[in-house]
$ cat protein-v1.txt   # compact mmCIF, C-alpha atoms and all ligand atoms
# COMPACT_ATOMS: atom_id res chain seq x y z
CA MET A 187 67.86 41.41 9.12
CA THR A 188 66.09 40.04 6.19
CA SER A 189 62.51 40.72 5.58
CA SER A 190 60.33 38.39 3.65
CA ALA A 191 57.16 39.16 1.85
CA PRO A 192 54.13 38.13 3.83
CA SER A 193 53.08 34.71 2.80
CA PRO A 194 49.77 34.69 1.03
CA GLU A 195 46.73 33.57 2.97
CA PRO A 196 46.04 29.92 2.30
CA GLN A 197 43.50 29.72 -0.47
CA GLU A 198 40.51 27.50 0.14
CA ALA A 199 39.23 25.55 -2.80
CA PRO A 200 35.95 27.09 -3.91
CA LYS A 201 33.06 25.12 -2.47
CA PRO A 202 30.03 24.34 -4.59
CA ASN A 203 27.11 26.49 -3.50
CA THR A 204 24.96 23.57 -2.46
CA ALA A 205 22.39 25.90 -0.91
CA ALA A 206 21.52 27.05 -4.40
CA VAL A 207 20.82 23.53 -5.71
CA PRO A 208 17.18 22.54 -5.23
CA ALA A 209 16.49 19.14 -3.70
CA LEU A 210 14.02 18.62 -6.55
CA SER A 211 13.61 20.60 -9.74
CA ILE A 212 10.69 19.98 -12.09
CA ASP A 213 11.21 21.86 -15.29
CA GLY A 214 8.62 22.02 -18.07
CA VAL A 215 7.34 18.48 -17.50
CA SER A 216 4.37 17.25 -19.56
CA HIS A 217 2.86 13.76 -19.67
CA SER A 218 0.03 12.20 -21.66
CA TYR A 219 -1.70 8.83 -21.44
CA GLY A 220 -2.62 8.44 -25.09
CA GLN A 221 -4.80 11.46 -25.84
CA ARG A 222 -5.32 12.32 -22.15
CA ARG A 223 -3.00 15.08 -20.94
CA ALA A 224 -2.18 14.41 -17.28
CA LEU A 225 0.59 17.01 -16.80
CA ILE A 226 1.00 20.19 -18.80
CA ASP A 227 4.29 22.11 -18.64
CA VAL A 228 4.72 21.63 -14.88
CA SER A 229 7.61 23.52 -13.24
CA PHE A 230 8.50 24.01 -9.58
CA ASN A 231 11.33 23.39 -7.09
CA VAL A 232 11.53 21.79 -3.66
CA GLN A 233 14.33 23.28 -1.54
CA PRO A 234 16.43 21.28 0.93
CA ALA A 235 15.11 21.52 4.51
CA SER A 236 11.69 22.60 3.26
CA PHE A 237 8.22 21.10 3.40
CA THR A 238 6.45 21.55 0.09
CA ALA A 239 2.78 20.60 -0.11
CA LEU A 240 1.54 19.50 -3.53
CA LEU A 241 -2.17 20.26 -3.27
CA GLY A 242 -4.63 18.92 -5.81
CA LEU A 243 -7.97 17.22 -6.29
CA ASN A 244 -8.28 13.60 -7.38
CA GLY A 245 -6.99 13.39 -10.92
CA ALA A 246 -4.88 16.57 -10.69
CA GLY A 247 -1.78 14.64 -11.76
CA LYS A 248 0.03 14.14 -8.42
CA SER A 249 0.61 10.40 -8.79
CA THR A 250 1.65 10.79 -12.40
CA LEU A 251 4.27 13.31 -11.30
CA PHE A 252 5.53 10.91 -8.61
CA SER A 253 5.75 8.12 -11.18
CA LEU A 254 7.94 10.33 -13.36
CA ILE A 255 10.21 11.45 -10.50
CA THR A 256 10.73 7.83 -9.42
CA ARG A 257 11.27 6.70 -13.04
CA LEU A 258 8.30 4.33 -13.08
CA PHE A 259 7.45 6.17 -16.29
CA GLY A 260 9.90 7.64 -18.77
CA ILE A 261 9.93 11.42 -19.18
CA GLN A 262 8.09 12.44 -22.36
CA SER A 263 9.08 16.10 -22.19
CA GLY A 264 10.81 18.38 -19.72
CA ARG A 265 13.43 17.64 -17.09
CA VAL A 266 13.50 16.34 -13.52
CA GLY A 267 16.58 16.95 -11.35
CA ILE A 268 17.40 15.69 -7.85
CA PHE A 269 20.12 17.78 -6.22
CA GLY A 270 21.24 18.74 -9.72
CA HIS A 271 21.32 15.18 -11.09
CA ASP A 272 19.12 14.79 -14.15
CA ILE A 273 17.08 11.61 -13.52
CA SER A 274 17.21 10.66 -17.19
CA LYS A 275 20.97 11.13 -17.55
CA SER A 276 22.26 10.16 -14.07
CA PRO A 277 19.51 7.98 -12.58
CA GLY A 278 21.82 6.19 -10.13
CA GLU A 279 23.08 9.38 -8.47
CA ALA A 280 19.62 10.94 -8.49
CA LEU A 281 17.71 7.98 -7.04
CA ARG A 282 20.31 7.40 -4.31
CA LEU A 283 19.22 10.74 -2.84
CA LEU A 284 15.51 9.97 -3.05
CA GLY A 285 13.15 8.20 -0.63
CA VAL A 286 9.52 7.51 -1.55
CA VAL A 287 6.31 6.55 0.22
CA PHE A 288 3.75 5.57 -2.40
CA GLN A 289 0.01 5.82 -1.90
CA PRO A 290 -0.73 2.06 -1.99
CA ARG A 291 0.86 0.09 0.84
CA THR A 292 3.85 -1.96 -0.28
CA LEU A 293 4.93 -3.78 2.88
CA ASP A 294 5.15 -7.57 3.11
CA LEU A 295 2.45 -8.31 5.69
CA ASP A 296 3.79 -11.74 6.63
CA LEU A 297 7.31 -10.55 7.45
CA SER A 298 8.29 -8.81 10.66
CA LEU A 299 9.02 -5.08 10.82
CA THR A 300 12.76 -5.75 10.96
CA GLN A 301 12.61 -8.26 8.10
CA ASN A 302 10.81 -5.70 5.91
CA LEU A 303 13.52 -3.14 6.65
CA LEU A 304 16.43 -5.56 6.14
CA TYR A 305 15.01 -6.76 2.84
CA HIS A 306 14.73 -3.20 1.57
CA ALA A 307 18.23 -2.33 2.82
CA ALA A 308 19.65 -5.28 0.89
CA LEU A 309 18.07 -3.89 -2.29
CA HIS A 310 20.07 -0.72 -1.66
CA GLY A 311 23.31 -2.65 -1.17
CA ILE A 312 23.55 -1.78 2.55
CA SER A 313 25.58 -4.36 4.50
CA ARG A 314 23.72 -6.66 6.89
CA SER A 315 25.29 -5.22 10.05
CA GLU A 316 24.78 -1.62 8.95
CA ALA A 317 21.19 -2.44 7.94
CA ALA A 318 20.50 -3.99 11.35
CA ALA A 319 21.86 -0.90 13.11
CA ARG A 320 19.88 1.51 10.92
CA SER A 321 16.70 -0.56 11.27
CA ALA A 322 16.92 -0.55 15.05
CA GLU A 323 17.57 3.20 15.09
CA LEU A 324 14.66 3.95 12.75
CA LEU A 325 12.23 1.69 14.60
CA GLY A 326 13.14 3.60 17.75
CA ARG A 327 12.58 6.90 15.99
CA ILE A 328 9.08 5.90 14.85
CA GLY A 329 8.22 4.49 18.28
CA LEU A 330 7.97 0.85 17.14
CA ALA A 331 11.15 -0.63 18.64
CA ASP A 332 9.11 -2.94 20.85
CA ARG A 333 7.28 -4.31 17.80
CA ALA A 334 10.43 -5.11 15.79
CA GLY A 335 9.71 -8.85 15.66
CA SER A 336 5.93 -8.63 15.13
CA LYS A 337 4.35 -9.40 11.81
CA VAL A 338 3.43 -6.25 9.88
CA ARG A 339 -0.08 -7.71 9.49
CA ASP A 340 -0.65 -7.03 13.21
CA LEU A 341 0.09 -3.30 12.98
CA SER A 342 -2.50 -0.53 12.72
CA GLY A 343 -2.76 1.50 9.51
CA GLY A 344 -0.88 4.41 11.08
CA GLN A 345 1.92 2.15 12.34
CA MET A 346 2.27 0.63 8.86
CA ARG A 347 2.64 4.09 7.37
CA ARG A 348 5.29 4.99 9.93
CA LEU A 349 7.14 1.80 9.02
CA GLU A 350 6.96 2.73 5.33
CA ILE A 351 8.46 6.12 6.15
CA ALA A 352 11.25 4.43 8.13
CA ARG A 353 11.88 2.12 5.19
CA ALA A 354 12.08 5.09 2.81
CA LEU A 355 14.76 6.61 5.08
CA LEU A 356 17.00 3.52 5.35
CA HIS A 357 19.42 4.60 2.63
CA ARG A 358 19.54 8.15 4.10
CA PRO A 359 17.97 10.10 1.26
CA ARG A 360 18.05 13.91 1.16
CA LEU A 361 14.68 14.21 -0.57
CA LEU A 362 11.50 12.43 0.54
CA LEU A 363 8.33 12.12 -1.55
CA LEU A 364 5.06 11.09 0.08
CA ASP A 365 1.92 10.51 -1.99
CA GLU A 366 -1.14 11.19 0.22
CA PRO A 367 0.39 9.24 3.11
CA THR A 368 -2.41 9.91 5.61
CA VAL A 369 -5.34 8.65 3.53
CA GLY A 370 -7.55 6.38 5.60
CA LEU A 371 -5.88 7.16 8.95
CA ASP A 372 -7.54 8.54 12.07
CA VAL A 373 -6.82 12.02 13.42
CA LYS A 374 -4.15 10.91 15.91
CA ALA A 375 -2.27 8.71 13.40
CA ARG A 376 -2.34 11.55 10.86
CA ALA A 377 -0.98 14.05 13.36
CA ASP A 378 1.82 11.64 14.41
CA ILE A 379 2.92 11.08 10.84
CA ILE A 380 2.85 14.75 9.89
CA SER A 381 4.84 15.71 12.96
CA GLN A 382 7.45 13.00 12.34
CA VAL A 383 7.93 14.10 8.75
CA ARG A 384 8.17 17.75 9.78
CA GLN A 385 10.91 16.77 12.23
CA LEU A 386 12.91 15.26 9.36
CA VAL A 387 12.81 18.68 7.70
CA THR A 388 13.84 20.73 10.73
CA GLU A 389 16.28 18.29 12.35
CA GLN A 390 17.87 16.59 9.34
CA GLY A 391 17.42 19.14 6.56
CA ILE A 392 15.53 16.73 4.32
CA GLY A 393 13.49 18.27 1.51
CA VAL A 394 9.92 16.92 1.55
CA LEU A 395 7.31 16.86 -1.20
CA TRP A 396 3.98 15.94 0.40
CA ALA A 397 1.08 15.30 -1.99
CA THR A 398 -2.31 15.90 -0.39
CA HIS A 399 -5.86 17.04 -0.92
CA LEU A 400 -6.28 17.99 2.74
CA PHE A 401 -5.96 21.69 3.61
CA ASP A 402 -5.36 21.08 7.31
CA GLU A 403 -2.08 19.30 6.55
CA ILE A 404 -0.55 22.53 5.25
CA MET A 405 1.07 25.11 7.55
CA PRO A 406 1.61 28.81 6.85
CA SER A 407 5.40 28.29 6.74
CA ASP A 408 5.17 25.59 4.05
CA ASP A 409 5.82 26.01 0.38
CA LEU A 410 2.72 25.26 -1.64
CA VAL A 411 2.19 24.04 -5.20
CA VAL A 412 -1.42 24.02 -6.41
CA LEU A 413 -1.86 21.44 -9.17
CA HIS A 414 -5.15 21.35 -11.04
CA GLN A 415 -6.03 19.36 -14.15
CA GLY A 416 -2.34 18.83 -14.83
CA LYS A 417 -1.32 22.49 -14.52
CA VAL A 418 0.41 24.42 -11.75
CA LEU A 419 -1.98 27.26 -10.88
CA ALA A 420 0.07 28.79 -8.06
CA GLN A 421 3.26 28.16 -6.14
CA GLY A 422 5.35 29.76 -3.41
CA PRO A 423 5.19 30.20 0.36
CA MET A 424 1.66 29.32 1.47
CA ASN A 425 1.05 32.75 2.98
CA ARG A 426 2.01 34.46 -0.25
CA VAL A 427 -0.20 32.18 -2.36
CA VAL A 428 -3.16 32.80 -0.05
CA THR A 429 -2.62 36.57 0.04
CA ALA A 430 -2.24 36.77 -3.74
CA THR A 431 -5.74 35.37 -4.18
CA GLY A 432 -7.15 37.89 -1.68
CA ALA A 433 -8.25 34.99 0.55
CA GLN A 434 -7.84 34.55 4.32
CA ASP A 435 -7.07 30.82 4.26
CA VAL A 436 -5.76 28.11 1.99
CA ASN A 437 -9.21 26.54 1.58
CA THR A 438 -10.69 29.72 0.07
CA ALA A 439 -7.52 30.40 -1.93
CA PHE A 440 -7.75 26.93 -3.47
CA MET A 441 -11.40 27.44 -4.41
CA ARG A 442 -10.65 30.80 -5.99
CA LEU A 443 -7.75 29.36 -7.99
CA THR A 444 -9.58 26.28 -9.23
CA GLY A 445 -13.25 27.19 -9.09
CA ALA A 446 -13.70 23.97 -7.06
CA GLN A 447 -16.23 23.34 -4.32
CA THR A 448 -14.82 22.35 -0.95
CA LEU A 449 -15.66 18.87 0.18
CA PRO A 450 -16.80 18.21 3.72
CA GLY A 451 -13.88 17.29 5.98
CA GLY A 452 -11.50 20.06 5.05
CA GLY A 453 -10.23 18.52 1.84
CA ALA A 454 -9.76 19.81 -1.68
N1 LIG B 1 -2.56 4.60 -16.35
C1 LIG B 1 -3.35 5.58 -16.76
N2 LIG B 1 -3.94 5.53 -17.98
C2 LIG B 1 -4.75 6.54 -18.42
N3 LIG B 1 -5.02 7.65 -17.72
C3 LIG B 1 -4.46 7.75 -16.51
C4 LIG B 1 -3.60 6.74 -15.96
N4 LIG B 1 -3.20 7.13 -14.73
C5 LIG B 1 -3.77 8.33 -14.52
N5 LIG B 1 -4.51 8.71 -15.58
C6 LIG B 1 -5.26 9.97 -15.71
O1 LIG B 1 -4.31 11.03 -15.56
C7 LIG B 1 -4.89 12.09 -14.78
C8 LIG B 1 -4.03 12.33 -13.54
O2 LIG B 1 -4.16 11.21 -12.68
P1 LIG B 1 -3.26 11.03 -11.36
O3 LIG B 1 -3.54 9.67 -10.81
O4 LIG B 1 -1.87 11.38 -11.66
O5 LIG B 1 -3.90 12.16 -10.41
P2 LIG B 1 -3.81 12.30 -8.82
O6 LIG B 1 -3.73 13.76 -8.56
O7 LIG B 1 -2.71 11.45 -8.30
O8 LIG B 1 -5.19 11.73 -8.34
P3 LIG B 1 -5.53 10.88 -7.01
O9 LIG B 1 -5.49 11.86 -5.89
O10 LIG B 1 -6.89 10.37 -7.30
O11 LIG B 1 -4.52 9.79 -6.88
C9 LIG B 1 -6.32 11.68 -14.49
O12 LIG B 1 -7.16 12.25 -15.49
C10 LIG B 1 -6.28 10.16 -14.63
O13 LIG B 1 -7.55 9.65 -15.03

$ encode --input "protein-v1.txt" --output "structure tokens" --more "lines below"
Ligand SMILES: Nc1ncnc2c1ncn2[C@@H]1O[C@H](COP(=O)(O)OP(=O)(O)OP(=O)(O)O)[C@@H](O)[C@H]1O
Amino acid sequence: MTSSAPSPEPQEAPKPNTAAVPALSIDGVSHSYGQRRALIDVSFNVQPASFTALLGLNGAGKSTLFSLITRLFGIQSGRVGIFGHDISKSPGEALRLLGVVFQPRTLDLDLSLTQNLLYHAALHGISRSEAAARSAELLGRIGLADRAGSKVRDLSGGQMRRLEIARALLHRPRLLLLDEPTVGLDVKARADIISQVRQLVTEQGIGVLWATHLFDEIMPSDDLVVLHQGKVLAQGPMNRVVTATGAQDVNTAFMRLTGAQTLPGGGA
């Protein structure tokens, strides 16, 4: 009887530790408009499957940061990475993973909902049949399937925002940026949009960066970045940020960090 040495266990190729790669990494980013310094050495991460609230007053630098992440502006100093891809060195790979909802509305009001989605899908190189399938699925998800052929002009403000979110998801990004997406909407429309975006985090693992000045949009389980006059004053799980200031709620914590007065309506 011959005996053979036990065969070695099959070796699996080492897998990259994707859990350790942030969806978004902002590293030492500064930006000036002429002499005006809009961002000063800003650093923070957004993790996959997390909801990160970027909280700041008007003029804090939120939109400037979004313009840098989306490459509307070139990076003057620092580094921005999307799932490890440096947006200056590998913009194609980085932007493929990114979806954005900008503050101003950017829909074509005279096209239908489906036409708006198909047009955007074509810009991303998605085939016509695939784009039609994804558009129908997304319209269903945002509860507007029955309005597919209507002109966007006939939608309410909240419905338009939901359509913009659907559009931002067409190319299946893993990171979603939203710049004050609920401004001007009523309570119900705001709640619908927040809950739909939170579902993307829990059900699809999308990393979300949500810029806001409204305290009531932030939940204790969220990550929080407090941006004030271009600087990050605090960051981390909301509960930890609040506790570190000795406050009971995010409103008071924000005031202690910034010295700001709260505005009526629960906003920073
Ligand atoms: N194009 C520009 N030229 C000069 N200064 C600018 C420009 N855009 C923004 N700024 C200034 O940069 C600073 C940051 O503005 P930014 O719009 O990024 O803030 P924000 O937090 O998005 O504010 P808001 O909530 O009002 O949109 C402000 O002092 C603003 O006046």

$ closest_residue --input "protein-v1.txt" --among "A:Thr438, A:Ser229, A:Gln415, A:Ser313" --to "ligand LIG 1 (chain B)" --atoms "only C-alpha atoms and all ligand atoms"
A:Gln415

$ residues_near_ligand --input "protein-v1.txt" --ligand "ligand LIG 1 (chain B)" --cutoff "9 Å" --atoms "only C-alpha atoms and all ligand atoms" --output "MDAnalysis selection string"
chainID A and resid 217:225 241:253 289 365:366 397:399 413:416

$ write_last_selection --input "protein-v1.txt" --atoms "C-alpha atoms" --output "PDB file, in the coordinates of the input"
ATOM      1  CA  HIS A 217       2.860  13.760 -19.670  1.00  0.00           C
ATOM      2  CA  SER A 218       0.030  12.200 -21.660  1.00  0.00           C
ATOM      3  CA  TYR A 219      -1.700   8.830 -21.440  1.00  0.00           C
ATOM      4  CA  GLY A 220      -2.620   8.440 -25.090  1.00  0.00           C
ATOM      5  CA  GLN A 221      -4.800  11.460 -25.840  1.00  0.00           C
ATOM      6  CA  ARG A 222      -5.320  12.320 -22.150  1.00  0.00           C
ATOM      7  CA  ARG A 223      -3.000  15.080 -20.940  1.00  0.00           C
ATOM      8  CA  ALA A 224      -2.180  14.410 -17.280  1.00  0.00           C
ATOM      9  CA  LEU A 225       0.590  17.010 -16.800  1.00  0.00           C
ATOM     10  CA  LEU A 241      -2.170  20.260  -3.270  1.00  0.00           C
ATOM     11  CA  GLY A 242      -4.630  18.920  -5.810  1.00  0.00           C
ATOM     12  CA  LEU A 243      -7.970  17.220  -6.290  1.00  0.00           C
ATOM     13  CA  ASN A 244      -8.280  13.600  -7.380  1.00  0.00           C
ATOM     14  CA  GLY A 245      -6.990  13.390 -10.920  1.00  0.00           C
ATOM     15  CA  ALA A 246      -4.880  16.570 -10.690  1.00  0.00           C
ATOM     16  CA  GLY A 247      -1.780  14.640 -11.760  1.00  0.00           C
ATOM     17  CA  LYS A 248       0.030  14.140  -8.420  1.00  0.00           C
ATOM     18  CA  SER A 249       0.610  10.400  -8.790  1.00  0.00           C
ATOM     19  CA  THR A 250       1.650  10.790 -12.400  1.00  0.00           C
ATOM     20  CA  LEU A 251       4.270  13.310 -11.300  1.00  0.00           C
ATOM     21  CA  PHE A 252       5.530  10.910  -8.610  1.00  0.00           C
ATOM     22  CA  SER A 253       5.750   8.120 -11.180  1.00  0.00           C
ATOM     23  CA  GLN A 289       0.010   5.820  -1.900  1.00  0.00           C
ATOM     24  CA  ASP A 365       1.920  10.510  -1.990  1.00  0.00           C
ATOM     25  CA  GLU A 366      -1.140  11.190   0.220  1.00  0.00           C
ATOM     26  CA  ALA A 397       1.080  15.300  -1.990  1.00  0.00           C
ATOM     27  CA  THR A 398      -2.310  15.900  -0.390  1.00  0.00           C
ATOM     28  CA  HIS A 399      -5.860  17.040  -0.920  1.00  0.00           C
ATOM     29  CA  LEU A 413      -1.860  21.440  -9.170  1.00  0.00           C
ATOM     30  CA  HIS A 414      -5.150  21.350 -11.040  1.00  0.00           C
ATOM     31  CA  GLN A 415      -6.030  19.360 -14.150  1.00  0.00           C
ATOM     32  CA  GLY A 416      -2.340  18.830 -14.830  1.00  0.00           C
TER      33      GLY A 416
END

$ closest_residue --input "protein-v1.txt" --among "A:Ile380, A:Ile312, A:Val266, A:Leu400" --to "Ile351 (chain A)" --atoms "only C-alpha atoms"
A:Ile380

$ residues_around --input "protein-v1.txt" --residues "Leu325 (chain A)" --least-positions-apart "4" --cutoff "10 Å" --atoms "only C-alpha atoms" --output "list of chain:residue names"
A:Leu299, A:Thr300, A:Leu303, A:Arg320, A:Ser321, A:Gly329, A:Leu330, A:Ala331, A:Asp332, A:Arg333, A:Ala334, A:Arg348, A:Leu349, A:Ala352, A:Arg353

$ closest_residue --input "protein-v1.txt" --among "A:Ala439, A:Val387, A:Leu240, A:Ile226" --to "Ser263 (chain A)" --atoms "all atoms listed in the file"
A:Ile226

$ residues_near_point --input "protein-v1.txt" --point "(8.0, -0.6, 8.5)" --cutoff "12 Å" --atoms "all atoms listed in the file" --output "VMD selection string"
chain A and resid 287 291 to 295 297 to 307 321 to 322 324 to 331 333 to 356

$ closest_residue --input "protein-v1.txt" --among "A:Phe237, A:Arg442, A:Leu210, A:Leu363" --to "Gln385 (chain A)" --atoms "only C-alpha atoms"
A:Phe237

$ closest_residue --input "protein-v1.txt" --among "A:Leu443, A:Gly393, A:Arg360, A:Leu283" --to "Ala430 (chain A)" --atoms "all atoms listed in the file"
A:Leu443

$ closest_residue --input "protein-v1.txt" --among "A:Val369, A:Phe440, A:Leu386, A:Val418" --to "Ile212 (chain A)" --atoms "all atoms listed in the file"
A:Val418

$ residues_around --input "protein-v1.txt" --residues "Ile392 (chain A)" --least-positions-apart "6" --cutoff "8 Å" --atoms "all atoms listed in the file" --output "list in words"
Pro234, Ala235, Ser236, Pro359, Arg360, Leu361, Leu362 and Leu386 of chain A

$ atom_distance --input "protein-v1.txt" --atom1 "CA of Val232 (chain A)" --atom2 "CA of Ala209 (chain A)"
5.6 Å

$ axis_aligned_box --input "protein-v1.txt" --around "region 248-252 of chain A" --padding-each-side "8 Å" --output "lines of an AutoDock Vina configuration file"
center_x = 2.8
center_y = 12.3
center_z = -10.4
size_x = 21.5
size_y = 19.7
size_z = 20.0
